[in-house]
$ cat query_26.cif   # mmCIF, C-alpha atoms and all ligand atoms
data_work
#
loop_
_atom_site.label_atom_id
_atom_site.label_comp_id
_atom_site.auth_asym_id
_atom_site.auth_seq_id
_atom_site.Cartn_x
_atom_site.Cartn_y
_atom_site.Cartn_z
CA MET H 263 0.00 0.00 0.00
CA LYS H 264 1.25 3.51 -0.87
CA PRO H 265 2.06 5.71 2.17
CA SER H 266 -0.36 8.57 2.84
CA ALA H 267 0.92 12.18 2.63
CA THR H 268 0.91 12.27 6.43
CA GLU H 269 3.30 9.30 6.52
CA LYS H 270 5.39 10.26 3.49
CA TYR H 271 6.12 13.81 4.70
CA ALA H 272 6.16 13.13 8.46
CA PHE H 273 8.81 14.94 10.49
CA GLU H 274 8.81 16.54 13.92
CA THR H 275 9.17 20.25 14.56
CA GLY H 276 9.72 21.59 18.07
CA VAL H 277 8.39 24.91 19.35
CA TYR H 278 11.51 26.93 20.23
CA ARG H 279 14.41 28.42 18.31
CA PRO H 280 16.46 31.61 18.78
CA PRO H 281 14.97 34.72 17.07
CA SER H 282 18.06 35.06 14.85
CA GLU H 283 17.33 31.60 13.44
CA GLY H 284 13.80 32.76 12.61
CA GLY H 285 15.34 35.81 10.94
CA SER H 286 17.43 33.58 8.69
CA ASN H 287 14.50 31.19 8.03
CA SER H 288 16.44 28.24 9.42
CA LEU H 289 15.29 24.70 8.83
CA LEU H 290 14.34 23.21 12.21
CA VAL H 291 15.61 19.66 12.68
CA ARG H 292 14.65 18.05 15.97
CA LEU H 293 17.42 15.94 17.54
CA THR H 294 16.17 15.86 21.11
CA ARG H 295 12.86 16.66 22.74
CA ASN H 296 12.71 19.33 25.47
CA CYS H 297 15.39 20.18 28.05
CA PRO H 298 17.60 17.68 29.92
CA TRP H 299 18.01 20.13 32.82
CA ASN H 300 14.63 21.84 33.00
CA ARG H 301 15.11 23.41 36.45
CA CYS H 302 15.85 27.10 35.79
CA THR H 303 13.31 29.02 37.87
CA PHE H 304 12.81 31.82 35.29
CA CYS H 305 12.19 29.44 32.37
CA GLY H 306 8.72 28.50 31.16
CA MET H 307 9.81 26.34 28.23
CA TYR H 308 9.33 22.55 28.14
CA LYS H 309 8.11 22.56 31.74
CA THR H 310 5.51 19.83 31.45
CA GLU H 311 7.48 17.77 28.94
CA LYS H 312 9.92 14.92 29.47
CA PHE H 313 13.41 15.07 27.94
CA GLN H 314 14.22 12.49 25.25
CA VAL H 315 17.13 11.91 22.88
CA ARG H 316 15.65 10.84 19.57
CA PRO H 317 17.12 7.71 17.94
CA VAL H 318 19.44 8.49 15.02
CA GLU H 319 17.35 6.40 12.62
CA GLU H 320 14.26 8.42 13.53
CA ILE H 321 16.09 11.72 12.93
CA LYS H 322 17.36 10.43 9.57
CA ARG H 323 13.79 9.50 8.61
CA ASP H 324 12.79 13.10 9.38
CA ILE H 325 15.59 14.41 7.14
CA ASP H 326 14.53 12.00 4.38
CA ALA H 327 10.91 13.20 4.67
CA MET H 328 12.07 16.83 4.43
CA ALA H 329 14.04 15.95 1.29
CA VAL H 330 11.04 14.19 -0.31
CA LEU H 331 8.79 17.13 0.52
CA SER H 332 11.36 19.56 -0.95
CA ASP H 333 11.65 17.48 -4.14
CA ASP H 334 7.87 17.21 -4.54
CA LEU H 335 7.46 20.96 -4.02
CA ALA H 336 10.16 21.61 -6.62
CA ALA H 337 8.48 19.23 -9.10
CA LEU H 338 5.07 20.88 -8.66
CA SER H 339 6.56 24.38 -8.86
CA ARG H 340 8.31 23.58 -12.14
CA GLY H 341 6.74 25.34 -15.11
CA THR H 342 4.75 27.73 -12.92
CA GLY H 343 7.49 30.28 -12.25
CA PRO H 344 11.22 30.90 -12.68
CA VAL H 345 13.21 27.76 -13.54
CA ASN H 346 14.13 25.52 -10.57
CA GLU H 347 12.49 27.81 -8.04
CA ILE H 348 10.03 26.62 -5.44
CA ASN H 349 6.99 28.85 -5.38
CA ARG H 350 3.52 29.32 -3.93
CA GLN H 351 1.88 27.54 -6.86
CA GLY H 352 3.86 24.43 -5.93
CA VAL H 353 2.60 24.56 -2.34
CA ILE H 354 -1.00 25.11 -3.46
CA ALA H 355 -0.74 22.20 -5.92
CA LEU H 356 0.67 19.92 -3.20
CA ILE H 357 -2.03 20.84 -0.69
CA ASP H 358 -4.69 20.34 -3.39
CA LYS H 359 -3.28 16.87 -3.89
CA TYR H 360 -2.95 16.13 -0.17
CA PRO H 361 -5.38 18.32 1.88
CA ALA H 362 -4.02 16.73 5.10
CA LEU H 363 -0.89 18.89 4.58
CA ASN H 364 -2.94 21.89 5.74
CA HIS H 365 -2.27 20.59 9.25
CA HIS H 366 1.42 19.73 8.77
CA GLN H 367 3.34 21.50 11.56
CA GLY H 368 6.55 21.87 9.53
CA LEU H 369 5.36 22.63 5.98
CA ALA H 370 5.40 26.46 6.28
CA MET H 371 8.81 26.36 7.98
CA LEU H 372 10.30 24.13 5.28
CA TYR H 373 8.76 26.24 2.51
CA GLN H 374 10.24 29.47 3.97
CA TRP H 375 13.61 27.74 4.31
CA LEU H 376 13.57 26.67 0.67
CA LEU H 377 12.42 30.12 -0.49
CA SER H 378 15.37 31.72 1.32
CA GLY H 379 17.84 29.41 -0.42
CA GLY H 380 17.99 26.45 2.02
CA LYS H 381 21.08 27.79 3.76
CA THR H 382 20.77 27.67 7.54
CA VAL H 383 19.65 24.96 9.98
CA PHE H 384 18.87 24.98 13.69
CA LEU H 385 19.01 21.73 15.65
CA GLN H 386 16.23 21.49 18.25
CA ASP H 387 15.61 21.31 21.27
CA ALA H 388 17.46 22.74 24.30
CA ASN H 389 20.85 20.99 24.27
CA SER H 390 21.73 18.83 21.24
CA LEU H 391 25.30 18.42 22.51
CA ILE H 392 24.04 16.04 25.17
CA MET H 393 23.74 13.40 22.44
CA LYS H 394 26.54 10.87 22.18
CA THR H 395 29.25 12.46 20.00
CA ARG H 396 29.26 9.58 17.51
CA GLN H 397 25.49 9.91 17.00
CA LEU H 398 25.56 13.69 16.66
CA VAL H 399 28.38 13.45 14.11
CA GLU H 400 26.41 10.85 12.14
CA VAL H 401 23.32 13.06 12.04
CA LEU H 402 25.36 16.11 10.96
CA HIS H 403 27.02 14.19 8.12
CA TYR H 404 23.66 12.86 6.98
CA LEU H 405 22.05 16.30 7.09
CA ARG H 406 24.88 17.96 5.15
CA ARG H 407 24.91 15.15 2.56
CA THR H 408 21.15 15.32 2.05
CA PHE H 409 21.06 19.11 1.68
CA PRO H 410 24.31 20.36 0.09
CA SER H 411 22.89 23.92 0.00
CA ILE H 412 23.40 24.23 3.79
CA VAL H 413 26.02 26.80 4.78
CA ARG H 414 25.40 27.07 8.54
CA VAL H 415 24.14 24.71 11.26
CA THR H 416 23.52 25.93 14.81
CA SER H 417 22.22 24.54 18.10
CA TYR H 418 21.48 25.42 21.71
CA ALA H 419 24.05 24.06 24.17
CA ARG H 420 24.49 24.19 27.95
CA SER H 421 27.76 25.48 29.39
CA LYS H 422 27.98 22.45 31.66
CA THR H 423 27.75 20.03 28.76
CA LEU H 424 30.45 21.99 26.90
CA ALA H 425 32.66 22.03 29.99
CA GLN H 426 32.25 18.26 30.46
CA LYS H 427 32.63 17.16 26.86
CA PRO H 428 36.22 16.32 25.80
CA LEU H 429 37.76 18.92 23.50
CA ASP H 430 38.39 16.29 20.82
CA ASP H 431 34.68 15.42 20.80
CA LEU H 432 33.77 19.08 20.34
CA LYS H 433 36.27 19.36 17.50
CA ALA H 434 34.79 16.26 15.83
CA ILE H 435 31.29 17.76 16.07
CA ARG H 436 32.56 21.03 14.66
CA ARG H 437 34.28 19.22 11.76
CA ALA H 438 31.08 17.28 11.04
CA GLY H 439 29.36 20.59 10.30
CA LEU H 440 27.95 22.22 13.44
CA ASP H 441 28.99 25.87 13.16
CA ARG H 442 27.43 27.97 15.91
CA LEU H 443 26.32 27.38 19.50
CA HIS H 444 23.68 29.40 21.35
CA VAL H 445 24.40 29.24 25.10
CA GLY H 446 22.20 30.56 27.93
CA LEU H 447 24.69 32.22 30.28
CA GLU H 448 22.01 34.36 32.00
CA SER H 449 24.43 35.64 34.67
CA GLY H 450 28.09 35.55 35.61
CA ASP H 451 27.31 35.87 39.31
CA ASP H 452 27.41 32.63 41.30
CA LYS H 453 24.77 33.74 43.78
CA VAL H 454 22.33 34.66 41.00
CA LEU H 455 23.11 31.42 39.15
CA GLN H 456 22.46 29.38 42.27
CA GLN H 457 19.30 31.32 43.09
CA VAL H 458 17.78 30.66 39.65
CA ARG H 459 19.03 27.02 39.62
CA LYS H 460 20.94 27.44 36.37
CA GLY H 461 23.05 24.35 37.08
CA ALA H 462 26.25 26.20 36.18
CA THR H 463 28.73 28.43 37.97
CA ALA H 464 30.70 31.37 36.58
CA GLU H 465 33.68 29.03 36.30
CA ILE H 466 31.68 26.45 34.34
CA HIS H 467 30.41 29.17 32.00
CA ILE H 468 33.96 30.35 31.34
CA SER H 469 35.32 26.86 30.89
CA GLY H 470 32.46 25.75 28.57
CA GLY H 471 32.56 28.95 26.52
CA ARG H 472 36.31 28.93 26.05
CA LYS H 473 36.31 25.27 25.11
CA ALA H 474 33.64 25.88 22.47
CA LEU H 475 35.79 28.65 20.99
CA GLU H 476 38.89 26.47 21.08
CA ALA H 477 36.99 23.77 19.20
CA GLY H 478 36.27 26.34 16.49
CA PHE H 479 32.59 27.12 17.08
CA GLN H 480 31.02 30.53 16.64
CA LEU H 481 29.60 31.32 20.05
CA SER H 482 26.48 33.25 20.98
CA GLU H 483 26.01 33.86 24.74
CA TYR H 484 22.64 35.05 26.10
CA TRP H 485 22.47 37.10 29.29
CA MET H 486 19.45 38.17 31.26
CA PRO H 487 19.50 41.78 32.52
CA GLY H 488 17.40 42.10 35.68
CA LEU H 489 17.83 38.48 36.79
CA GLY H 490 19.42 39.50 40.10
CA GLY H 491 16.49 41.77 40.99
CA LYS H 492 16.96 44.69 43.41
CA ALA H 493 19.04 42.62 45.83
CA LEU H 494 21.77 41.44 43.46
CA TRP H 495 21.70 43.82 40.47
CA GLN H 496 25.19 45.19 41.01
CA ALA H 497 26.94 41.84 41.47
CA HIS H 498 24.91 40.49 38.54
CA ALA H 499 26.08 43.33 36.26
CA GLU H 500 29.72 43.29 37.33
CA ASN H 501 30.20 39.53 37.29
CA THR H 502 28.29 39.03 34.05
CA ALA H 503 30.59 41.56 32.37
CA ARG H 504 33.61 39.82 33.91
CA VAL H 505 32.58 36.34 32.76
CA LEU H 506 31.57 37.45 29.26
CA SER H 507 34.88 39.31 28.93
CA ALA H 508 36.76 36.18 30.01
CA ILE H 509 34.97 34.15 27.32
CA ASP H 510 34.96 36.83 24.59
CA PRO H 511 32.28 35.17 22.44
CA HIS H 512 31.33 36.24 18.92
CA TYR H 513 27.87 37.38 20.06
CA VAL H 514 26.45 38.55 23.36
CA ARG H 515 22.65 38.78 23.32
CA SER H 516 20.46 40.59 25.83
CA ARG H 517 17.28 38.84 27.01
CA PRO H 518 15.86 40.99 29.84
CA PHE H 519 14.18 39.10 32.67
CA ARG H 520 10.41 38.79 32.62
CA ALA H 521 8.36 36.93 35.19
CA TRP H 522 6.77 34.37 32.88
CA PRO H 523 3.41 33.15 34.22
CA GLY H 524 3.62 29.69 35.72
CA THR H 525 7.33 29.88 36.56
CA ALA H 526 8.83 29.75 40.06
CA MET H 527 10.14 33.30 39.61
CA ALA H 528 6.68 34.60 38.74
CA ARG H 529 5.50 33.17 42.07
CA GLU H 530 8.49 34.72 43.89
CA THR H 531 7.73 38.06 42.24
CA ALA H 532 4.06 37.88 43.27
CA ALA H 533 5.09 36.97 46.83
CA ARG H 534 7.64 39.84 46.79
CA THR H 535 10.47 37.50 47.78
CA PHE H 536 12.01 38.61 44.46
CA GLU H 537 11.85 42.31 43.64
CA MET H 538 12.05 43.26 39.99
CA LEU H 539 13.97 46.31 38.86
CA THR H 540 12.11 49.37 37.59
CA PRO H 541 12.86 50.41 33.96
CA THR H 542 15.27 53.08 35.24
CA GLU H 543 17.05 50.57 37.47
CA GLN H 544 17.24 48.17 34.53
CA LEU H 545 19.05 50.80 32.49
CA ARG H 546 21.43 51.55 35.36
CA GLU H 547 22.26 47.86 35.57
CA LEU H 548 22.70 47.67 31.82
CA ARG H 549 25.10 50.62 31.92
CA LEU H 550 27.23 48.90 34.55
CA THR H 551 27.31 45.66 32.52
CA ILE H 552 28.25 47.40 29.28
CA GLN H 553 30.91 49.51 31.03
CA GLY H 554 32.63 46.33 32.25
CA LEU H 555 32.32 44.44 28.97
CA GLU H 556 35.73 44.03 27.33
CA ILE H 557 34.99 41.90 24.27
CA THR H 558 35.77 41.89 20.58
CA GLY H 559 32.43 40.45 19.42
CA ARG H 560 28.99 41.92 18.82
CA VAL H 561 26.43 42.93 21.44
CA CYS H 562 22.85 42.41 20.31
CA PHE H 563 19.49 43.54 21.64
CA ASP H 564 17.57 41.37 19.17
CA HIS H 565 14.48 40.67 21.25
CA VAL H 566 11.29 42.61 22.07
CA GLY H 567 12.24 42.47 25.77
CA ASN H 568 14.74 45.26 25.03
CA TYR H 569 11.88 47.72 24.96
CA TRP H 570 13.41 50.96 26.28
CA LYS H 571 12.79 54.15 24.27
CA ASP H 572 14.86 57.26 23.58
CA ARG H 573 13.85 60.92 23.71
CA SER H 574 12.20 60.80 20.30
CA GLY H 575 10.15 57.74 21.25
CA ARG H 576 12.21 55.35 19.15
CA LEU H 577 13.70 52.10 20.43
CA LEU H 578 16.88 52.77 22.39
CA PHE H 579 18.76 49.93 20.72
CA SER H 580 18.74 48.44 17.27
CA HIS H 581 17.06 45.02 17.31
CA SER H 582 19.35 43.84 14.51
CA TYR H 583 20.66 40.26 14.81
CA GLN H 584 24.16 41.65 14.23
CA GLY H 585 23.89 44.33 16.93
CA TYR H 586 26.84 46.56 17.82
CA ALA H 587 30.53 45.82 17.17
CA PHE H 588 32.66 45.98 20.31
CA PRO H 589 34.87 47.68 21.30
CA GLU H 590 34.26 50.19 18.44
CA GLU H 591 30.59 50.83 19.26
CA LYS H 592 30.75 50.42 23.02
CA GLN H 593 30.51 54.19 23.53
CA THR H 594 27.53 54.34 21.15
CA VAL H 595 25.70 51.79 23.32
CA LEU H 596 26.61 53.70 26.50
CA ASP H 597 25.40 56.94 24.90
CA ARG H 598 22.11 55.26 24.02
CA ILE H 599 21.71 54.05 27.61
CA ASN H 600 22.40 57.55 28.92
CA ASP H 601 19.80 58.91 26.50
CA GLY H 602 17.30 56.38 27.89
CA LEU H 603 18.16 57.41 31.44
CA GLN H 604 17.67 61.11 30.59
CA VAL H 605 14.17 60.30 29.33
CA ARG H 606 13.57 59.05 32.86
CA GLY H 607 15.01 62.16 34.46
CA GLU H 608 18.46 60.69 35.22
CA THR H 609 21.89 61.77 34.08
S1 LIG H 701 18.62 25.06 30.48
FE1 LIG H 701 17.51 26.48 29.11
S2 LIG H 701 15.67 25.39 28.43
FE2 LIG H 701 16.53 24.27 30.18
S3 LIG H 701 15.39 25.03 31.95
FE3 LIG H 701 17.27 26.27 31.78
S4 LIG H 701 16.71 28.06 30.51
FE4 LIG H 701 15.08 26.50 30.26
#
$ encode --input "query_26.cif" --output "structure tokens"
Amino acid sequence: MKPSATEKYAFETGVYRPPSEGGSNSLLVRLTRNCPWNRCTFCGMYKTEKFQVRPVEEIKRDIDAMAVLSDDLAALSRGTGPVNEINRQGVIALIDKYPALNHHQGLAMLYQWLLSGGKTVFLQDANSLIMKTRQLVEVLHYLRRTFPSIVRVTSYARSKTLAQKPLDDLKAIRRAGLDRLHVGLESGDDKVLQQVRKGATAEIHISGGRKALEAGFQLSEYWMPGLGGKALWQAHAENTARVLSAIDPHYVRSRPFRAWPGTAMARETAARTFEMLTPTEQLRELRLTIQGLEITGRVCFDHVGNYWKDRSGRLLFSHSYQGYAFPEEKQTVLDRINDGLQVRGET
């Protein structure tokens, strides 16, 4: 019996990916499900879900299904637009043929990826590096062989996993075609890290980050302004700048703290055992962090949480995925922060 469209094109797509991967229309390939740590008190992702490493054969079947879907879209697009280009007519024709595809969770994502040239891939979910090195390498080779158009593959990774993994394993993964790692640093202050149950210390962050760089990865570190609240804002700012400077990653990305409903920190905020910073205090903390940041990478505010406005009512920072080049534009960022503080009556 012929497989149905649901079987033929079946592949899993997880919920989360970094905004910059959305910006580059990355193909989402799911290697693991959910988060192997899942204890950070500020995090609302994957909370009710169990962590699982997906079998390599299952991941390869997903990649095969993506390839078949891409080929069928190309075949149906042929003759309806520019030569060899996937287009909307192809998608419409495929859905006409298989109406069940209207409910396919990955069709729109794959279509956007193909439209943008099929160049970048993000491996889901929260820490693909927890897979056995041999298995991860096998998946990367298979993915790159199946889609030769790929120029960049990225993944989330935990500092602790990077710190524990042998350098030679990281180098093998890098050689197999994983290019960039997105790491949640959140803070460089041990007290804050312990308080939010990050499962990493400042030392682990530095060791994991440096090892990733030594293995040849591009490194994107995410920090969370405001995570220390009123009690620890100064130590949070100073130590985060210190740890990020010690790592010197390619990208530093700001993800200001928000008390997400349902999280432990939302309950602490409601109970006033954790006191959030006011917008002015947030900017003061940000100024202290940026002042201490001695890096040669880019600092990005590429998330709606960086909401502060300047005197003319425009966003204080560019939300570009490439952000500001440091150290050249460090003063520009500090000037922007001072502008934001003046709006709030501070100098
Ligand atoms: S490691 Fe990341 S995904 Fe996992 S609980 Fe912490 S913040 Fe959430």
$ residues_around --input "query_26.cif" --residues "H:Phe479" --least-positions-apart "4" --cutoff "8 Å" --atoms "only C-alpha atoms" --output "list in words"
Arg436, Leu440, Asp441, Arg442, Leu443, Ala474 and Leu475 of chain H
$ closest_residue --input "query_26.cif" --among "H:Leu545, H:Val318, H:Met393, H:Leu369" --to "H:Gly488" --atoms "only C-alpha atoms"
H:Leu545
$ residues_around --input "query_26.cif" --residues "stretch 265-282 of chain H" --least-positions-apart "5" --cutoff "6 Å" --atoms "only C-alpha atoms" --output "PyMOL selection string"
chain H and resi 324+327+331+368+583
$ closest_residue --input "query_26.cif" --among "H:Ala532, H:Ala493, H:Ile468, H:Leu402" --to "H:Asp510" --atoms "all atoms listed in the file"
H:Ile468
$ closest_atom_pairs --input "query_26.cif" --of "chain H" --to "ligand LIG 701 (chain H)" --cutoff "7 Å" --atoms "all atoms listed in the file" --output "JSON lines"
{"residue": "H:Cys297", "atom": "CA", "partner": "H:LIG701", "partner_atom": "FE2", "distance": 4.8}
{"residue": "H:Pro298", "atom": "CA", "partner": "H:LIG701", "partner_atom": "FE2", "distance": 6.7}
{"residue": "H:Trp299", "atom": "CA", "partner": "H:LIG701", "partner_atom": "FE2", "distance": 5.1}
{"residue": "H:Asn300", "atom": "CA", "partner": "H:LIG701", "partner_atom": "S3", "distance": 3.4}
{"residue": "H:Arg301", "atom": "CA", "partner": "H:LIG701", "partner_atom": "S3", "distance": 4.8}
{"residue": "H:Cys302", "atom": "CA", "partner": "H:LIG701", "partner_atom": "FE3", "distance": 4.3}
{"residue": "H:Cys305", "atom": "CA", "partner": "H:LIG701", "partner_atom": "FE4", "distance": 4.6}
{"residue": "H:Gly306", "atom": "CA", "partner": "H:LIG701", "partner_atom": "FE4", "distance": 6.7}
{"residue": "H:Met307", "atom": "CA", "partner": "H:LIG701", "partner_atom": "FE4", "distance": 5.6}
{"residue": "H:Tyr308", "atom": "CA", "partner": "H:LIG701", "partner_atom": "S2", "distance": 7.0}
{"residue": "H:Ala388", "atom": "CA", "partner": "H:LIG701", "partner_atom": "S2", "distance": 5.2}
{"residue": "H:Arg420", "atom": "CA", "partner": "H:LIG701", "partner_atom": "S1", "distance": 6.5}
{"residue": "H:Gly446", "atom": "CA", "partner": "H:LIG701", "partner_atom": "FE1", "distance": 6.3}
{"residue": "H:Lys460", "atom": "CA", "partner": "H:LIG701", "partner_atom": "FE3", "distance": 6.0}
$ write_last_selection --input "query_26.cif" --atoms "C-alpha atoms" --output "PDB file, in the frame of the given file"
ATOM      1  CA  CYS H 297      15.390  20.180  28.050  1.00  0.00           C
ATOM      2  CA  PRO H 298      17.600  17.680  29.920  1.00  0.00           C
ATOM      3  CA  TRP H 299      18.010  20.130  32.820  1.00  0.00           C
ATOM      4  CA  ASN H 300      14.630  21.840  33.000  1.00  0.00           C
ATOM      5  CA  ARG H 301      15.110  23.410  36.450  1.00  0.00           C
ATOM      6  CA  CYS H 302      15.850  27.100  35.790  1.00  0.00           C
ATOM      7  CA  CYS H 305      12.190  29.440  32.370  1.00  0.00           C
ATOM      8  CA  GLY H 306       8.720  28.500  31.160  1.00  0.00           C
ATOM      9  CA  MET H 307       9.810  26.340  28.230  1.00  0.00           C
ATOM     10  CA  TYR H 308       9.330  22.550  28.140  1.00  0.00           C
ATOM     11  CA  ALA H 388      17.460  22.740  24.300  1.00  0.00           C
ATOM     12  CA  ARG H 420      24.490  24.190  27.950  1.00  0.00           C
ATOM     13  CA  GLY H 446      22.200  30.560  27.930  1.00  0.00           C
ATOM     14  CA  LYS H 460      20.940  27.440  36.370  1.00  0.00           C
TER      15      LYS H 460
END
$ closest_atom_pairs --input "query_26.cif" --of "stretch 419-531 of chain H" --to "stretch 566-570 of chain H" --cutoff "12 Å" --atoms "all atoms listed in the file" --output "Markdown table"
| residue | atom | partner | partner_atom | distance |
| --- | --- | --- | --- | --- |
| H:Met486 | CA | H:Gly567 | CA | 10.0 |
| H:Pro487 | CA | H:Asn568 | CA | 9.5 |
| H:Gly488 | CA | H:Gly567 | CA | 11.2 |
| H:Arg515 | CA | H:Asn568 | CA | 10.4 |
| H:Ser516 | CA | H:Asn568 | CA | 7.4 |
| H:Arg517 | CA | H:Gly567 | CA | 6.3 |
| H:Pro518 | CA | H:Gly567 | CA | 5.6 |
| H:Phe519 | CA | H:Gly567 | CA | 7.9 |
| H:Arg520 | CA | H:Gly567 | CA | 8.0 |
| H:Ala521 | CA | H:Gly567 | CA | 11.6 |
$ closest_residue --input "query_26.cif" --among "H:Leu596, H:His467, H:Ala434, H:Glu556" --to "H:Lys394" --atoms "only C-alpha atoms"
H:Ala434
$ atom_distance --input "query_26.cif" --atom1 "atom CA of H:Thr502" --atom2 "atom CA of H:Gly559"
15.3 Å
$ closest_residue --input "query_26.cif" --among "H:Val458, H:Met371, H:Leu555, H:Leu447" --to "H:Leu481" --atoms "all atoms listed in the file"
H:Leu447
$ closest_residue --input "query_26.cif" --among "H:Ser507, H:Glu543, H:Ser411, H:Ile599" --to "H:Trp375" --atoms "only C-alpha atoms"
H:Ser411
$ closest_residue --input "query_26.cif" --among "H:Gln426, H:Ser421, H:Gln367, H:Ser339" --to "H:Ile354" --atoms "only C-alpha atoms"
H:Ser339
$ residues_near_point --input "query_26.cif" --point "(13.0, 58.0, 32.7)" --cutoff "12 Å" --atoms "all atoms listed in the file" --output "list in words"
Thr540, Pro541, Thr542, Glu543, Gln544, Leu545, Arg546, Trp570, Lys571, Asp572, Arg573, Gly575, Ile599, Asn600, Asp601, Gly602, Leu603, Gln604, Val605, Arg606, Gly607, Glu608 and Thr609 of chain H
$ atom_distance --input "query_26.cif" --atom1 "atom CA of H:Pro317" --atom2 "atom CA of H:Ala477"
25.6 Å
